[in-house]
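Have a look at structure17.tsv; it's TSV, C-alpha atoms and all ligand atoms:
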```tsv
chain	number	residue	atom	x	y	z
A	1	MET	CA	-16.70	6.80	1.99
A	2	LYS	CA	-15.55	6.21	5.52
A	3	ASN	CA	-13.41	8.93	7.03
A	4	ALA	CA	-11.44	7.48	9.92
A	5	LEU	CA	-10.37	10.03	12.51
A	6	ALA	CA	-7.77	9.65	15.16
A	7	GLY	CA	-6.46	11.75	18.01
A	8	GLY	CA	-9.58	12.62	20.03
A	9	ALA	CA	-13.21	13.40	19.31
A	10	PHE	CA	-12.89	17.22	19.29
A	11	ALA	CA	-9.55	17.87	17.62
A	12	PRO	CA	-8.52	14.89	15.53
A	13	ALA	CA	-4.78	14.93	14.86
A	14	TYR	CA	-5.30	13.42	11.41
A	15	SER	CA	-7.88	11.87	9.14
A	16	ILE	CA	-7.75	8.93	6.75
A	17	THR	CA	-9.50	9.32	3.40
A	18	GLN	CA	-9.45	7.88	-0.09
A	19	GLU	CA	-6.50	9.05	-2.14
A	20	THR	CA	-7.37	11.31	-5.09
A	21	GLU	CA	-5.54	12.35	-8.28
A	22	GLN	CA	-4.57	15.60	-6.54
A	23	ASP	CA	-2.57	13.65	-3.92
A	24	PHE	CA	-0.04	12.41	-6.48
A	25	ALA	CA	2.77	14.93	-5.93
A	26	GLU	CA	2.51	14.98	-2.12
A	27	ARG	CA	2.35	11.19	-1.96
A	28	GLU	CA	5.41	10.74	-4.15
A	29	ALA	CA	7.33	13.34	-2.11
A	30	LEU	CA	6.44	11.50	1.11
A	31	LEU	CA	7.54	8.16	-0.36
A	32	ASP	CA	10.85	9.68	-1.51
A	33	ARG	CA	11.46	11.07	1.99
A	34	ALA	CA	10.44	7.88	3.79
A	35	MET	CA	11.96	5.24	1.52
A	36	GLY	CA	14.55	6.93	-0.66
A	37	ALA	CA	15.25	6.70	-4.36
A	38	LYS	CA	15.83	2.92	-4.32
A	39	ARG	CA	12.15	2.32	-3.60
A	40	LYS	CA	11.40	2.00	-7.31
A	41	ARG	CA	13.79	-0.94	-7.67
A	42	LYS	CA	11.84	-3.23	-5.34
A	43	SER	CA	10.32	-6.35	-6.83
A	44	SER	CA	6.91	-5.20	-5.57
A	45	GLU	CA	7.28	-2.31	-7.99
A	46	LYS	CA	7.19	-4.79	-10.89
A	47	LEU	CA	3.64	-5.63	-9.86
A	48	ARG	CA	2.64	-1.97	-9.53
A	49	ARG	CA	4.37	-0.27	-12.43
A	50	GLY	CA	1.94	1.01	-15.05
A	51	ARG	CA	-1.07	-0.12	-13.01
A	52	LEU	CA	-3.71	1.64	-10.95
A	53	PRO	CA	-4.29	0.60	-7.33
A	54	ALA	CA	-7.19	-1.76	-6.68
A	55	ALA	CA	-10.49	0.14	-6.87
A	56	GLY	CA	-11.24	1.99	-3.64
A	57	LEU	CA	-8.05	0.80	-1.95
A	58	ALA	CA	-5.66	3.76	-1.92
A	59	PHE	CA	-5.65	5.86	1.24
A	60	VAL	CA	-3.93	8.92	2.61
A	61	ALA	CA	-3.65	10.37	6.09
A	62	ARG	CA	-3.71	14.15	6.44
A	63	ASP	CA	-2.93	16.25	9.48
A	64	LYS	CA	-5.11	19.08	10.78
A	65	GLU	CA	-3.47	21.51	8.36
A	66	GLY	CA	-4.24	19.22	5.45
A	67	ARG	CA	-0.68	18.02	4.87
A	68	LEU	CA	-0.33	14.48	3.57
A	69	ILE	CA	1.41	12.53	6.35
A	70	GLY	CA	0.67	8.90	5.46
A	71	THR	CA	-0.02	6.70	2.48
A	72	VAL	CA	-0.96	3.09	1.80
A	73	ARG	CA	-2.22	1.42	-1.36
A	74	LEU	CA	-3.28	-2.08	-2.39
A	75	TRP	CA	-2.87	-3.61	-5.82
A	76	ASN	CA	-4.57	-6.40	-7.73
A	77	VAL	CA	-2.36	-9.42	-8.32
A	78	ALA	CA	-2.85	-13.00	-9.48
A	79	LEU	CA	-1.37	-15.88	-7.50
A	80	GLY	CA	0.51	-17.57	-10.34
A	81	ALA	CA	-0.58	-17.92	-13.97
A	82	GLY	CA	-4.31	-18.56	-13.95
A	83	GLY	CA	-4.23	-18.44	-10.18
A	84	SER	CA	-6.74	-16.78	-7.90
A	85	ALA	CA	-6.94	-13.06	-7.23
A	86	ALA	CA	-5.33	-11.35	-4.26
A	87	LEU	CA	-4.03	-7.95	-3.19
A	88	LEU	CA	-0.48	-6.71	-2.75
A	89	LEU	CA	-0.11	-4.01	-0.08
A	90	GLY	CA	2.41	-1.22	-0.28
A	91	PRO	CA	4.13	1.03	0.01
A	92	LEU	CA	3.06	2.05	3.51
A	93	ALA	CA	4.77	5.20	4.72
A	94	VAL	CA	4.27	7.79	7.43
A	95	ASP	CA	5.94	11.18	7.65
A	96	ALA	CA	8.81	11.15	10.18
A	97	SER	CA	7.14	13.91	12.21
A	98	PHE	CA	4.18	11.59	12.88
A	99	GLU	CA	6.00	8.27	13.39
A	100	GLY	CA	5.05	6.24	16.44
A	101	ARG	CA	1.69	7.99	16.81
A	102	GLY	CA	-0.42	5.22	15.37
A	103	VAL	CA	-0.85	6.60	11.83
A	104	GLY	CA	0.73	3.53	10.20
A	105	GLY	CA	-1.36	1.18	12.32
A	106	ASN	CA	-4.58	3.04	11.59
A	107	LEU	CA	-3.82	3.15	7.86
A	108	MET	CA	-3.19	-0.61	7.94
A	109	ARG	CA	-6.37	-1.44	9.86
A	110	HIS	CA	-8.42	0.85	7.63
A	111	ALA	CA	-6.95	-0.68	4.45
A	112	ILE	CA	-7.52	-4.24	5.69
A	113	ALA	CA	-11.10	-3.49	6.75
A	114	GLU	CA	-11.91	-1.89	3.41
A	115	ALA	CA	-10.32	-4.78	1.49
A	116	ALA	CA	-12.47	-7.21	3.47
A	117	ARG	CA	-15.57	-5.08	2.94
A	118	LEU	CA	-14.89	-5.14	-0.81
A	119	GLU	CA	-14.77	-8.95	-0.60
A	120	HIS	CA	-11.10	-9.45	-1.39
A	121	ARG	CA	-9.78	-12.75	-0.09
A	122	ALA	CA	-6.12	-12.25	0.80
A	123	ILE	CA	-3.43	-9.58	1.11
A	124	LEU	CA	0.30	-10.11	0.51
A	125	LEU	CA	3.23	-7.78	1.10
A	126	VAL	CA	7.00	-7.67	1.46
A	127	GLY	CA	7.97	-6.03	4.74
A	128	ASP	CA	9.21	-6.41	8.30
A	129	ALA	CA	7.35	-9.25	10.02
A	130	ALA	CA	8.05	-7.58	13.37
A	131	TYR	CA	5.78	-4.72	12.27
A	132	TYR	CA	3.18	-6.47	10.14
A	133	GLU	CA	2.49	-9.49	12.36
A	134	ARG	CA	0.44	-7.26	14.69
A	135	PHE	CA	-2.11	-7.01	11.86
A	136	GLY	CA	-2.15	-10.79	11.35
A	137	PHE	CA	0.44	-11.13	8.57
A	138	SER	CA	2.89	-14.04	8.56
A	139	ALA	CA	5.17	-15.95	6.18
A	140	VAL	CA	3.40	-19.25	6.90
A	141	GLN	CA	1.28	-19.20	3.75
A	142	THR	CA	3.73	-17.70	1.25
A	143	GLY	CA	6.11	-20.69	1.05
A	144	ALA	CA	4.90	-21.87	-2.35
A	145	LEU	CA	4.50	-18.34	-3.73
A	146	SER	CA	7.21	-16.03	-5.04
A	147	MET	CA	7.80	-12.43	-6.08
A	148	PRO	CA	8.91	-11.46	-9.60
A	149	GLY	CA	12.42	-10.35	-8.61
A	150	PRO	CA	14.81	-10.37	-5.67
A	151	TYR	CA	13.25	-10.32	-2.21
A	152	GLU	CA	13.89	-11.80	1.21
A	153	ARG	CA	11.64	-14.80	1.70
A	154	HIS	CA	11.12	-14.22	5.43
A	155	ARG	CA	9.74	-10.75	4.58
A	156	PHE	CA	7.16	-12.13	2.13
A	157	LEU	CA	3.99	-12.12	4.22
A	158	ALA	CA	0.30	-12.79	3.81
A	159	LEU	CA	-3.01	-12.30	5.56
A	160	GLU	CA	-6.09	-14.31	4.66
A	161	LEU	CA	-9.28	-12.24	4.74
A	162	VAL	CA	-11.26	-15.40	4.00
A	163	ALA	CA	-10.11	-18.53	5.80
A	164	GLY	CA	-8.42	-20.93	3.38
A	165	ALA	CA	-8.01	-18.29	0.64
A	166	LEU	CA	-4.31	-19.13	0.24
A	167	GLU	CA	-4.61	-22.91	0.57
A	168	GLY	CA	-2.76	-24.50	-2.35
A	169	ALA	CA	-1.68	-21.12	-3.75
A	170	CYS	CA	1.59	-21.43	-5.65
A	171	GLY	CA	3.63	-19.71	-8.32
A	172	CYS	CA	4.90	-16.23	-8.99
A	173	LEU	CA	2.72	-13.19	-8.33
A	174	LEU	CA	1.58	-11.47	-11.51
A	175	PRO	CA	0.21	-7.95	-12.01
A	176	ALA	CA	-3.55	-7.96	-12.50
A	177	GLY	CA	-4.59	-4.34	-11.96
A	178	ARG	CA	-6.16	-1.87	-14.35
A	179	ARG	CA	-3.55	-0.20	-16.55
A	180	GLU	CA	-2.63	3.39	-15.78
A	181	GLN	CA	-2.92	6.09	-18.44
A	182	SER	CA	0.31	8.06	-18.83
A	183	ARG	CA	0.31	11.14	-16.57
A	184	ARG	CA	2.66	13.02	-18.88
A	185	VAL	CA	0.97	15.65	-20.97
A	186	VAL	CA	2.87	15.57	-24.21
A	187	GLY	CA	3.09	19.11	-25.57
A	188	LYS	CA	2.57	19.78	-29.23
A	189	CYS	CA	5.73	20.24	-31.23
A	190	ALA	CA	6.13	23.94	-31.87
A	191	ALA	CA	8.74	23.50	-34.57
A	192	ALA	CA	7.57	24.31	-38.03
A	201	LIG	C1	6.90	1.64	9.26
A	201	LIG	C2	6.02	2.87	9.41
A	201	LIG	C3	4.99	2.91	8.32
A	201	LIG	C4	5.30	2.78	10.77
A	201	LIG	O1	4.40	3.89	10.88
A	201	LIG	P1	4.02	4.50	12.31
A	201	LIG	O2	2.92	5.46	12.13
A	201	LIG	O3	5.24	5.01	12.98
A	201	LIG	O4	3.52	3.18	13.04
A	201	LIG	P2	2.63	3.08	14.36
A	201	LIG	O5	2.67	4.37	15.12
A	201	LIG	O6	1.30	2.57	13.99
A	201	LIG	O7	3.39	1.93	15.14
A	201	LIG	C5	4.57	2.21	15.81
A	201	LIG	C6	5.11	0.91	16.35
A	201	LIG	O8	5.62	0.13	15.26
A	201	LIG	C7	6.98	-0.19	15.53
A	201	LIG	N1	7.68	-0.28	14.26
A	201	LIG	C8	7.81	0.67	13.31
A	201	LIG	N2	8.55	0.20	12.28
A	201	LIG	C9	8.87	-1.07	12.60
A	201	LIG	C10	9.62	-2.09	11.95
A	201	LIG	N3	10.18	-1.88	10.76
A	201	LIG	N4	9.75	-3.30	12.59
A	201	LIG	C11	9.18	-3.50	13.78
A	201	LIG	N5	8.45	-2.58	14.44
A	201	LIG	C12	8.32	-1.38	13.85
A	201	LIG	C13	7.47	0.96	16.41
A	201	LIG	O9	8.61	0.58	17.14
A	201	LIG	C14	6.26	1.16	17.31
A	201	LIG	O10	6.24	0.14	18.29
A	201	LIG	P3	5.43	0.33	19.67
A	201	LIG	O11	3.99	0.47	19.32
A	201	LIG	O12	5.73	-0.93	20.42
A	201	LIG	O13	6.01	1.58	20.28
A	201	LIG	C15	6.86	4.18	9.39
A	201	LIG	O14	7.85	4.09	10.38
A	201	LIG	C16	7.53	4.46	8.06
A	201	LIG	O15	6.95	5.11	7.20
A	201	LIG	N6	8.77	4.00	7.89
A	201	LIG	C17	9.52	4.28	6.66
A	201	LIG	C18	8.94	3.54	5.47
A	201	LIG	C19	8.84	2.05	5.71
A	201	LIG	O16	9.76	1.43	6.21
A	201	LIG	N7	7.65	1.49	5.36
A	201	LIG	C20	7.38	0.10	5.54
A	201	LIG	C21	7.84	-0.65	4.36
A	201	LIG	S1	7.94	-2.36	4.72
```
Represent the structure of the file as structure tokens.
Ligand SMILES: CC(C)(COP(=O)(O)OP(=O)(O)OC[C@H]1O[C@@H](n2cnc3c(N)ncnc32)[C@H](O)[C@@H]1OP(=O)(O)O)[C@@H](O)C(=O)NCCC(=O)NCCS
Amino acid sequence: MKNALAGGAFAPAYSITQETEQDFAEREALLDRAMGAKRKRKSSEKLRRGRLPAAGLAFVARDKEGRLIGTVRLWNVALGAGGSAALLLGPLAVDASFEGRGVGGNLMRHAIAEAARLEHRAILLVGDAAYYERFGFSAVQTGALSMPGPYERHRFLALELVAGALEGACGCLLPAGRREQSRRVVGKCAAA
């Protein structure tokens, strides 16, 4: 697995690696700090809830001390009922202490490169065009697609990894990822 380093050859400020099960608590804490409690009400969440990220496409950034300072994940979706497969990206978040130092950009470029390497054809997301257009995302090809819930159309963006992948795509995005097993360990009832 590729380990992207940034910040200089001798003392990298952070590294980007695959997310593991052990990253769960730190990742959720970062997302709560960066995006607040309302993050779970987004329509993107309807496509993620109860699902695992697309295989090999969940990444974290860690600083030199090993603290989790960035996260990005991609999710399998279908473009309408019976439609072709694509990825939904998000959430992307970087710890406030590292903002503006390229972590978000490097996470994005790493995630896009890995998605292309794994032969995915297109990535969609809901986010600020002013940020995501630098990676090639635009709203040009999402006009006939929709999200399963409220969202702002101008923030619904896509990037084709294969030219023409989104031609003729229409309909509402549907979850298509592997289902998650419950993380809760249900204790045995001690009552007699
Ligand atoms: C958005 C976010 C991931 C960017 O991470 P980052 O590591 O600071 O990004 P980078 O260092 O790679 O890029 C910084 C550049 O992006 C710009 N930028 C950051 N957020 C932006 C936004 N919402 N719209 C436009 N530009 C934005 C910065 O102004 C900066 O511009 P510059 O390069 O011209 O100085 C981070 O600010 C964050 O976690 N924000 C809170 C969560 C969030 O909003 N996530 C995105 C959900 S859509």
Determine the axis-aligned bounding box of all atoms of ligand LIG 201 (chain A) present in the file, pad each side by 5 Å, and express its centre and edge lengths in Å to one decimal place as JSON.
```
{"center_x": 5.7, "center_y": 1.0, "center_z": 12.4, "size_x": 18.9, "size_y": 19.0, "size_z": 26.1}
```
Given only C-alpha atoms and all ligand atoms as the counted atoms, nearest of A:Asn106, A:Asn76, A:Gln22, A:Ser84 to ligand LIG 201 (chain A): A:Asn106
Nearest to Gly36 in chain A among A:Ala81, A:Ala93, A:Ala144, A:Cys172, with distances taken over only C-alpha atoms: which residue is it? A:Ala93
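Note that the spacing between CA of Thr142 in chain A and atom O11 of ligand LIG 201 (chain A) amounts to 25.6 Å.
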Exercise answer, 9 Å around ligand LIG 201 (chain A) with all atoms listed in the file, as a VMD selection string: chain A and resid 30 to 31 33 to 36 70 to 72 90 to 96 98 to 108 125 to 132 155
Judged by only C-alpha atoms, the minimum distance to Val60 in chain A among A:Val140, A:Leu47, A:Ala111, A:Leu89 is found for A:Ala111
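You will find CA of Ser44 in chain A at 16.5 Å from CA of Leu57 in chain A.
Atom to atom, CA of Ala169 in chain A and CA of Leu145 in chain A stand 6.8 Å apart.
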Neighbours of Asp23 in chain A within 12 Å (all atoms listed in the file; same-chain residues fewer than 3 positions away dropped), as a ChimeraX atom specification? /A:17-20,26-30,58-62,66-71
Restrict the selected residues to C-alpha atoms and save them as a compact mmCIF listing (two decimals), in the frame of the given file.
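Below is the file that was written, again.txt:
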```txt
# COMPACT_ATOMS: atom_id res chain seq x y z
CA THR A 17 -9.50 9.32 3.40
CA GLN A 18 -9.45 7.88 -0.09
CA GLU A 19 -6.50 9.05 -2.14
CA THR A 20 -7.37 11.31 -5.09
CA GLU A 26 2.51 14.98 -2.12
CA ARG A 27 2.35 11.19 -1.96
CA GLU A 28 5.41 10.74 -4.15
CA ALA A 29 7.33 13.34 -2.11
CA LEU A 30 6.44 11.50 1.11
CA ALA A 58 -5.66 3.76 -1.92
CA PHE A 59 -5.65 5.86 1.24
CA VAL A 60 -3.93 8.92 2.61
CA ALA A 61 -3.65 10.37 6.09
CA ARG A 62 -3.71 14.15 6.44
CA GLY A 66 -4.24 19.22 5.45
CA ARG A 67 -0.68 18.02 4.87
CA LEU A 68 -0.33 14.48 3.57
CA ILE A 69 1.41 12.53 6.35
CA GLY A 70 0.67 8.90 5.46
CA THR A 71 -0.02 6.70 2.48
```
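The nearest approach to Gly171 in chain A among the residues A:Pro148, A:His120, A:Lys64, A:Ala25, with all atoms listed in the file taken into account, belongs to A:Pro148.
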Find the residues around Gly143 in chain A up to 10 Å (all atoms listed in the file counted), leave out those fewer than 5 positions away in its own chain, and share them as a VMD selection string. chain A and resid 153 to 154 156 to 157 169 to 171
I want to know what sits within 7 Å of Leu174 in chain A, based on all atoms listed in the file, with residues of the same chain fewer than 2 positions away left out; could you give that as an MDAnalysis selection string? chainID A and resid 47 77:80 172 176
Export C-alpha atoms of the chosen residues as a short mmCIF file (atom, residue, chain, number, x, y, z; two decimals), keeping the file's coordinate frame?
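selection29.cif was written with the following content:
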```cif
data_model
loop_
_atom_site.label_atom_id
_atom_site.label_comp_id
_atom_site.auth_asym_id
_atom_site.auth_seq_id
_atom_site.Cartn_x
_atom_site.Cartn_y
_atom_site.Cartn_z
CA LEU A 47 3.64 -5.63 -9.86
CA VAL A 77 -2.36 -9.42 -8.32
CA ALA A 78 -2.85 -13.00 -9.48
CA LEU A 79 -1.37 -15.88 -7.50
CA GLY A 80 0.51 -17.57 -10.34
CA CYS A 172 4.90 -16.23 -8.99
CA ALA A 176 -3.55 -7.96 -12.50
#
```
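Comparing the minimum interatomic distances between Ala163 in chain A and each of A:Ala85, A:Ala55, A:Ala122, A:Leu74, counting all atoms listed in the file, we find that A:Ala122 sits nearest.
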Using all atoms listed in the file, which residue out of A:Gln141, A:Ser146, A:Ser43, A:Ser15 lies closest to His110 in chain A? A:Ser15
